[in-house]
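Here is protein_32.txt, consisting of compact mmCIF, C-alpha atoms and all ligand atoms:
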```
# COMPACT_ATOMS: atom_id res chain seq x y z
CA MET A 1101 1.52 4.49 32.06
CA PRO A 1102 0.48 1.90 29.48
CA LEU A 1103 -2.05 3.25 27.03
CA ASP A 1104 -4.96 1.11 25.88
CA HIS A 1105 -5.17 0.82 22.14
CA ALA A 1106 -1.79 2.40 21.59
CA LEU A 1107 -0.41 1.84 18.12
CA ALA A 1108 3.13 1.73 19.39
CA GLU A 1109 4.98 2.49 22.58
CA LEU A 1110 8.74 2.94 22.80
CA GLN A 1111 10.63 3.32 26.06
CA ASP A 1112 14.31 4.21 26.03
CA VAL A 1113 14.75 2.51 22.69
CA THR A 1114 18.23 2.53 21.18
CA LYS A 1115 19.63 1.16 17.95
CA VAL A 1116 23.34 0.73 17.43
CA TYR A 1117 24.71 -0.44 14.07
CA GLN A 1118 28.04 -2.14 14.32
CA THR A 1119 30.09 -2.41 11.14
CA GLY A 1120 33.48 -3.94 11.97
CA GLU A 1121 35.05 -1.64 14.54
CA VAL A 1122 32.71 1.21 13.82
CA LYS A 1123 29.60 1.75 15.94
CA VAL A 1124 26.84 4.08 14.84
CA GLU A 1125 24.29 5.07 17.46
CA ALA A 1126 21.37 5.61 15.10
CA LEU A 1127 18.73 5.94 17.86
CA ARG A 1128 19.76 7.21 21.27
CA GLY A 1129 16.93 6.76 23.78
CA ILE A 1130 13.59 7.15 22.01
CA ASN A 1131 10.45 7.58 24.16
CA LEU A 1132 7.29 7.76 22.13
CA ILE A 1133 3.62 6.81 22.23
CA LEU A 1134 1.70 6.69 18.97
CA LYS A 1135 -2.07 6.36 18.91
CA ARG A 1136 -4.15 4.42 16.41
CA GLN A 1137 -5.81 6.04 13.44
CA GLU A 1138 -3.52 9.01 13.33
CA PHE A 1139 -1.44 10.39 10.52
CA SER A 1140 1.99 11.00 12.01
CA PHE A 1141 5.02 12.51 10.35
CA ILE A 1142 8.61 11.80 11.34
CA VAL A 1143 10.67 14.73 10.21
CA GLY A 1144 14.41 15.23 10.33
CA PRO A 1145 17.49 15.76 8.20
CA SER A 1146 19.20 12.96 6.30
CA GLY A 1147 21.00 10.61 8.70
CA SER A 1148 18.87 11.59 11.72
CA GLY A 1149 17.45 8.07 12.18
CA LYS A 1150 14.06 8.23 10.40
CA THR A 1151 14.47 5.01 8.42
CA THR A 1152 15.89 3.22 11.47
CA LEU A 1153 12.86 4.27 13.53
CA LEU A 1154 10.40 3.26 10.79
CA ASN A 1155 12.12 -0.11 10.41
CA LEU A 1156 11.63 -0.72 14.13
CA LEU A 1157 7.99 0.41 14.03
CA GLY A 1158 7.47 -1.83 11.00
CA CYS A 1159 9.10 -4.80 12.77
CA ILE A 1160 11.64 -5.11 9.95
CA ASP A 1161 14.45 -4.63 12.46
CA VAL A 1162 14.81 -4.97 16.25
CA PRO A 1163 16.12 -2.44 18.79
CA THR A 1164 19.47 -2.83 20.53
CA SER A 1165 17.87 -2.00 23.89
CA GLY A 1166 14.67 -0.62 25.35
CA LYS A 1167 11.06 -1.64 25.65
CA PHE A 1168 8.95 -1.69 22.56
CA THR A 1169 5.37 -2.66 21.71
CA VAL A 1170 3.46 -2.46 18.44
CA LEU A 1171 -0.33 -3.07 18.50
CA GLU A 1172 0.01 -4.29 22.09
CA ARG A 1173 2.59 -6.96 21.22
CA GLU A 1174 5.89 -6.87 23.02
CA ILE A 1175 7.98 -7.35 19.90
CA SER A 1176 11.02 -8.89 21.63
CA THR A 1177 8.88 -11.85 22.77
CA LEU A 1178 7.92 -12.92 19.23
CA THR A 1179 9.80 -15.61 17.31
CA ASP A 1180 10.98 -14.84 13.76
CA ASN A 1181 8.00 -16.71 12.32
CA GLN A 1182 5.53 -14.94 14.57
CA LEU A 1183 7.08 -11.63 13.63
CA ALA A 1184 6.87 -12.36 9.88
CA ASP A 1185 3.25 -13.39 10.31
CA PHE A 1186 2.50 -10.26 12.34
CA ARG A 1187 4.08 -8.05 9.64
CA ASN A 1188 2.14 -9.75 6.85
CA LYS A 1189 -1.19 -9.33 8.58
CA HIS A 1190 -0.91 -5.93 10.18
CA ILE A 1191 1.63 -3.71 8.44
CA GLY A 1192 1.85 -2.20 4.96
CA TYR A 1193 4.91 -0.47 3.52
CA ILE A 1194 5.40 2.30 1.00
CA PHE A 1195 8.92 3.17 -0.18
CA GLN A 1196 10.70 6.06 -1.84
CA ASN A 1197 11.41 3.95 -4.94
CA TYR A 1198 7.91 2.41 -5.09
CA ASN A 1199 9.44 -1.12 -5.14
CA LEU A 1200 6.90 -2.48 -7.61
CA MET A 1201 7.57 -5.68 -9.50
CA ALA A 1202 8.51 -4.67 -13.05
CA VAL A 1203 7.07 -7.72 -14.82
CA LEU A 1204 3.67 -7.46 -13.15
CA SER A 1205 0.81 -5.16 -14.12
CA ALA A 1206 -0.59 -2.62 -11.65
CA TYR A 1207 -3.40 -5.09 -10.92
CA GLU A 1208 -1.01 -7.98 -10.33
CA ASN A 1209 1.26 -5.88 -8.09
CA VAL A 1210 -1.71 -5.01 -5.87
CA GLU A 1211 -3.01 -8.59 -5.94
CA TYR A 1212 0.33 -10.06 -4.86
CA PRO A 1213 0.02 -9.58 -1.06
CA LEU A 1214 -3.40 -11.28 -1.19
CA LEU A 1215 -1.90 -14.25 -3.05
CA LEU A 1216 0.63 -14.56 -0.22
CA GLN A 1217 -2.27 -14.61 2.23
CA LYS A 1218 -4.00 -17.32 0.14
CA ILE A 1219 -7.13 -15.21 -0.29
CA PRO A 1220 -9.50 -16.86 -2.84
CA LYS A 1221 -9.55 -15.48 -6.38
CA ARG A 1222 -13.02 -13.97 -6.29
CA GLU A 1223 -12.29 -12.00 -3.10
CA ARG A 1224 -8.90 -10.94 -4.48
CA HIS A 1225 -10.62 -9.58 -7.56
CA ASP A 1226 -13.15 -7.59 -5.53
CA ARG A 1227 -10.56 -6.14 -3.17
CA VAL A 1228 -8.01 -5.25 -5.87
CA THR A 1229 -10.70 -3.66 -8.02
CA GLU A 1230 -12.07 -1.59 -5.14
CA ILE A 1231 -8.70 -0.30 -4.05
CA LEU A 1232 -7.46 0.50 -7.58
CA ASP A 1233 -10.64 2.47 -8.02
CA SER A 1234 -10.05 4.29 -4.72
CA VAL A 1235 -6.59 5.43 -5.75
CA GLY A 1236 -7.85 6.51 -9.17
CA LEU A 1237 -5.98 3.91 -11.20
CA PHE A 1238 -8.67 1.56 -12.39
CA LYS A 1239 -8.09 2.50 -16.02
CA ARG A 1240 -4.38 1.80 -15.71
CA LYS A 1241 -4.75 -1.62 -14.16
CA HIS A 1242 -3.14 -3.51 -17.05
CA HIS A 1243 -0.13 -1.18 -17.28
CA ARG A 1244 3.24 -2.29 -16.00
CA PRO A 1245 5.30 0.05 -13.77
CA ALA A 1246 7.49 1.27 -16.66
CA GLN A 1247 4.32 2.40 -18.45
CA LEU A 1248 3.25 4.55 -15.49
CA SER A 1249 4.46 7.94 -14.22
CA GLY A 1250 6.21 8.19 -10.83
CA GLY A 1251 3.03 9.50 -9.20
CA GLU A 1252 0.98 6.66 -10.70
CA GLN A 1253 3.53 4.09 -9.55
CA GLN A 1254 3.32 5.47 -6.04
CA ARG A 1255 -0.49 5.21 -6.22
CA VAL A 1256 -0.08 1.53 -7.09
CA ALA A 1257 2.22 1.19 -4.07
CA VAL A 1258 -0.39 2.90 -1.85
CA ALA A 1259 -3.04 0.49 -3.17
CA ARG A 1260 -0.73 -2.48 -2.61
CA ALA A 1261 -0.15 -1.41 1.01
CA LEU A 1262 -3.87 -0.83 1.67
CA VAL A 1263 -5.25 -3.96 0.00
CA LYS A 1264 -4.16 -6.11 2.95
CA ARG A 1265 -6.27 -3.86 5.21
CA PRO A 1266 -3.38 -3.45 7.62
CA GLU A 1267 -3.74 -1.51 10.83
CA LEU A 1268 -0.55 0.41 10.15
CA ILE A 1269 1.07 1.74 6.99
CA LEU A 1270 4.64 3.02 7.03
CA ALA A 1271 5.81 5.32 4.29
CA ASP A 1272 9.54 6.09 4.17
CA GLU A 1273 10.06 9.35 2.26
CA PRO A 1274 7.43 8.31 -0.30
CA THR A 1275 7.43 11.69 -2.03
CA ALA A 1276 11.20 12.15 -2.26
CA ASN A 1277 11.36 11.17 -5.95
CA LEU A 1278 8.29 13.14 -6.99
CA ASP A 1279 7.90 16.77 -8.00
CA SER A 1280 6.19 18.88 -5.35
CA LYS A 1281 2.76 18.92 -7.02
CA THR A 1282 2.68 15.14 -7.48
CA GLY A 1283 4.09 14.74 -3.96
CA SER A 1284 1.22 16.76 -2.46
CA GLU A 1285 -1.28 14.72 -4.49
CA ILE A 1286 0.16 11.53 -3.01
CA ILE A 1287 -0.04 12.97 0.50
CA ASP A 1288 -3.66 14.03 -0.11
CA LEU A 1289 -4.40 10.52 -1.36
CA MET A 1290 -2.89 8.96 1.77
CA LEU A 1291 -4.87 11.35 4.00
CA GLU A 1292 -8.07 10.41 2.19
CA MET A 1293 -7.26 6.70 2.47
CA GLN A 1294 -6.40 7.14 6.16
CA SER A 1295 -9.82 8.57 6.92
CA ARG A 1296 -11.69 6.14 4.64
CA TYR A 1297 -10.06 2.94 5.90
CA LYS A 1298 -9.15 4.07 9.45
CA THR A 1299 -5.59 2.93 8.92
CA SER A 1300 -2.78 4.48 10.95
CA PHE A 1301 -0.10 6.11 8.81
CA ILE A 1302 3.46 7.01 9.74
CA PHE A 1303 5.21 9.01 7.08
CA SER A 1304 8.85 10.10 7.13
CA THR A 1305 10.24 13.07 5.27
CA HIS A 1306 13.13 15.51 5.37
CA ASP A 1307 10.90 18.09 3.71
CA THR A 1308 9.30 20.40 6.28
CA GLU A 1309 6.95 21.87 3.63
CA VAL A 1310 4.77 18.79 3.25
CA MET A 1311 3.39 18.27 6.72
CA GLN A 1312 0.59 20.75 7.35
CA HIS A 1313 -1.96 17.92 7.46
CA ALA A 1314 -0.34 15.80 10.15
CA ASN A 1315 -2.01 14.92 13.45
CA LYS A 1316 1.39 14.54 14.97
CA ILE A 1317 4.81 15.77 13.92
CA ILE A 1318 7.78 14.05 15.50
CA THR A 1319 11.02 15.90 14.90
CA ILE A 1320 14.11 13.75 15.16
CA LYS A 1321 17.73 14.85 15.17
CA ASP A 1322 20.92 12.84 15.74
CA GLY A 1323 18.90 9.81 16.85
CA LYS A 1324 16.91 11.71 19.48
CA ILE A 1325 13.42 13.13 19.50
CA GLU A 1326 13.69 16.89 19.52
CA ASN A 1327 10.01 17.74 19.58
CA VAL A 1328 6.54 16.18 19.31
CA ALA A 1329 3.77 18.47 18.11
CA GLN A 1330 0.18 17.30 18.32
CA LYS A 1331 -2.44 19.24 16.45
CA GLU A 1332 -5.86 19.21 14.89
CA ARG A 1333 -5.57 18.22 11.29
CA ALA A 1334 -6.38 20.91 8.76
CA SER A 1335 -9.34 19.86 6.64
CA THR A 1336 -8.59 18.79 3.08
N1 LIG A 1401 22.62 -0.75 8.11
C1 LIG A 1401 23.36 0.24 8.64
N2 LIG A 1401 24.62 0.02 9.07
C2 LIG A 1401 25.36 0.98 9.63
N3 LIG A 1401 24.94 2.26 9.81
C3 LIG A 1401 23.69 2.55 9.40
C4 LIG A 1401 22.83 1.57 8.80
N4 LIG A 1401 21.65 2.16 8.50
C5 LIG A 1401 21.75 3.43 8.89
N5 LIG A 1401 22.97 3.69 9.45
C6 LIG A 1401 23.42 4.96 10.04
O1 LIG A 1401 22.50 5.30 11.05
C7 LIG A 1401 22.22 6.71 11.04
C8 LIG A 1401 20.73 6.93 10.82
O2 LIG A 1401 20.40 6.48 9.51
P1 LIG A 1401 18.91 6.47 8.93
O3 LIG A 1401 18.01 5.86 9.93
O4 LIG A 1401 18.98 5.84 7.60
O5 LIG A 1401 18.59 8.04 8.81
P2 LIG A 1401 17.57 8.83 7.85
O6 LIG A 1401 16.55 7.86 7.36
O7 LIG A 1401 17.00 9.89 8.73
O8 LIG A 1401 18.38 9.42 6.75
C9 LIG A 1401 23.11 7.28 9.95
O9 LIG A 1401 24.27 7.76 10.55
C10 LIG A 1401 23.39 6.11 9.06
O10 LIG A 1401 24.63 6.25 8.40
MG MG A 1402 15.97 7.35 5.44
```
Written as structure tokens, how would this file's structure read?
Ligand SMILES: Nc1ncnc2c1ncn2[C@@H]1O[C@H](COP(=O)(O)OP(=O)(O)O)[C@@H](O)[C@H]1O
Ligand SMILES: [Mg+2]
Amino acid sequence: MPLDHALAELQDVTKVYQTGEVKVEALRGINLILKRQEFSFIVGPSGSGKTTLLNLLGCIDVPTSGKFTVLEREISTLTDNQLADFRNKHIGYIFQNYNLMAVLSAYENVEYPLLLQKIPKRERHDRVTEILDSVGLFKRKHHRPAQLSGGEQQRVAVARALVKRPELILADEPTANLDSKTGSEIIDLMLEMQSRYKTSFIFSTHDTEVMQHANKIITIKDGKIENVAQKERAST
């Protein structure tokens, strides 16, 4: 049954990587409905297919077979240009290695997606300032990534993802390079941002300790969904 306002719907989705003669079935028949404004975790061991699934949800890659919609768009019907445009407008990304631009300050890194969208300078300034303040980095705005700690760099990355006001933010093992205290602070920050900006978050991790605040926990193993647990989120 199609669900109004679904964030994403996957039906029998597979992804096969073919490298020369070798085929890897990274996703083997995924059925999943994700709702908007939830904080979902995808959990599974290394190699289970988390990044592959996030790349599909983020429209960075396309499935080998199956039916697949994100924000009510049937992704297979979009041209490359339409897909790039859709990604730019609606989806933010946060990575394990932060992926900040080394020569730009924290402010400039966060401003960059707005430059791509040709947002006027005055509005860029207001939005970048607000979001840097929200993530607690206003005082560090002129620092470059190398002058920031790992946790601070990931805060910049969170701000950069949010500044576009996307409907969906994907975070692929964003705490994997952080110590556990800093990792929990980043998760708390994302939870706070999720409720403040009503953004949907999908967060992947192989660490089963970090997910007590999820609305939904999707456990994936060998390219298949093993379990989906829906729960009330613990208050922060
Ligand atoms: N670009 C690729 N080419 C070939 N095989 C790949 C590629 N990306 C991932 N895989 C394989 O697909 C499987 C799932 O990988 P991945 O989605 O990265 O898992 P996870 O993020 O859970 O560690 C693994 O067996 C991996 O080796
Ligand atoms: Mg991965």
May I have the protein, DNA and RNA residues with an atom at most 6 Å from (-3.6, 0.2, 21.9), counting only C-alpha atoms in the file's coordinates, returned as a PDB file with C-alpha atoms, in the coordinates of the input?
```
ATOM      1  CA  ASP A1104      -4.960   1.110  25.880  1.00  0.00           C
ATOM      2  CA  HIS A1105      -5.170   0.820  22.140  1.00  0.00           C
ATOM      3  CA  ALA A1106      -1.790   2.400  21.590  1.00  0.00           C
ATOM      4  CA  LEU A1107      -0.410   1.840  18.120  1.00  0.00           C
ATOM      5  CA  LEU A1171      -0.330  -3.070  18.500  1.00  0.00           C
ATOM      6  CA  GLU A1172       0.010  -4.290  22.090  1.00  0.00           C
TER       7      GLU A1172
END
```
Using only C-alpha atoms and all ligand atoms, find the one residue out of A:Phe1186, A:Phe1195, A:Tyr1117, A:Tyr1212 that sits nearest to ligand MG 1402 (chain A).
A:Phe1195
I need the residue nearest Asp1322 in chain A from this list: A:Ser1146, A:Gln1254, A:Gln1118, A:Thr1275. Use all atoms listed in the file for the distance.
A:Ser1146
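The coordinates place atom C7 of ligand LIG 1401 (chain A) at 19.4 Å from CA of Thr1308 in chain A.
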Pairwise distance, CA of Ser1300 in chain A with CA of Phe1139 in chain A, equals 6.1 Å
Return as a CSV table (one decimal) with C-alpha atoms, keeping the file's coordinate frame every polymer residue, whether protein, DNA or RNA, with at least one atom no more than 10 Å from an atom of ligand MG 1402 (chain A); count only C-alpha atoms and all ligand atoms.
```csv
chain,number,residue,atom,x,y,z
A,1144,GLY,CA,14.4,15.2,10.3
A,1145,PRO,CA,17.5,15.8,8.2
A,1146,SER,CA,19.2,13.0,6.3
A,1147,GLY,CA,21.0,10.6,8.7
A,1148,SER,CA,18.9,11.6,11.7
A,1149,GLY,CA,17.4,8.1,12.2
A,1150,LYS,CA,14.1,8.2,10.4
A,1151,THR,CA,14.5,5.0,8.4
A,1152,THR,CA,15.9,3.2,11.5
A,1153,LEU,CA,12.9,4.3,13.5
A,1154,LEU,CA,10.4,3.3,10.8
A,1155,ASN,CA,12.1,-0.1,10.4
A,1195,PHE,CA,8.9,3.2,-0.2
A,1196,GLN,CA,10.7,6.1,-1.8
A,1272,ASP,CA,9.5,6.1,4.2
A,1273,GLU,CA,10.1,9.4,2.3
A,1304,SER,CA,8.8,10.1,7.1
A,1305,THR,CA,10.2,13.1,5.3
A,1306,HIS,CA,13.1,15.5,5.4
```
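For the pair CA of Tyr1193 in chain A and CA of Ile1302 in chain A, the separation is 9.8 Å.
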Applying 9 Å and all atoms listed in the file, which residues near Gly1166 in chain A remain after dropping the ones on its own chain fewer than 3 positions away? List them as a VMD selection string.
chain A and resid 1110 to 1114 1129 to 1130 1163
Leaving out Arg1244 in chain A and any residue of its chain fewer than 6 positions from it, which residues lie within 8 Å of it when counting all atoms listed in the file, given as a PyMOL selection string?
chain A and resi 1202-1206
Next, the residues of the selection above should be written as an mmCIF file, in the frame of the given file with C-alpha atoms.
```cif
data_model
loop_
_atom_site.group_PDB
_atom_site.id
_atom_site.type_symbol
_atom_site.label_atom_id
_atom_site.label_comp_id
_atom_site.auth_asym_id
_atom_site.auth_seq_id
_atom_site.Cartn_x
_atom_site.Cartn_y
_atom_site.Cartn_z
ATOM 1 C CA ALA A 1202 8.510 -4.670 -13.050
ATOM 2 C CA VAL A 1203 7.070 -7.720 -14.820
ATOM 3 C CA LEU A 1204 3.670 -7.460 -13.150
ATOM 4 C CA SER A 1205 0.810 -5.160 -14.120
ATOM 5 C CA ALA A 1206 -0.590 -2.620 -11.650
#
```
Contact residues around range 1131-1136 of chain A with all atoms listed in the file at 12 Å, ignoring same-chain residues under 3 positions, as a PyMOL selection string:
chain A and resi 1101-1114+1127-1128+1139-1142+1153+1157+1166-1172+1266-1269+1294-1295+1298-1302+1315-1320+1323-1330
Would you mind telling me which residue in A:Thr1229, A:Asp1185, A:Glu1309, A:Val1143 lies nearest to Cys1159 in chain A when using only C-alpha atoms?
A:Asp1185
Of the residues A:Arg1173, A:Val1263, A:Arg1227, A:Ala1276, which is the one nearest to ligand LIG 1401 (chain A), using all atoms listed in the file?
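Ranking A:Arg1173, A:Val1263, A:Arg1227, A:Ala1276 by distance to ligand LIG 1401 (chain A), first place goes to A:Ala1276.
If you measure from each of A:Ser1165, A:Lys1241, A:Leu1214, A:Val1235 to Leu1291 in chain A using all atoms listed in the file, the closest one turns out to be A:Val1235.
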Pick the closest to ligand LIG 1401 (chain A) from A:Ile1219, A:Val1258, A:Ile1191, A:Ala1271: which is it, counting all atoms listed in the file?
A:Ala1271
Output as JSON the centre and edge lengths (Å, one decimal) of the box along x, y and z of the file that holds every listed atom of ligand LIG 1401 (chain A) after adding 6 Å on each side.
```
{"center_x": 21.0, "center_y": 4.6, "center_z": 8.9, "size_x": 20.8, "size_y": 22.6, "size_z": 16.3}
```
List as a VMD selection string the residues having at least one atom at most 9 Å from position (7.1, -2.2, -5.0) as given in the file, counting all atoms listed in the file.
chain A and resid 1193 to 1195 1197 to 1202 1209 1253 to 1254 1256 to 1257 1260
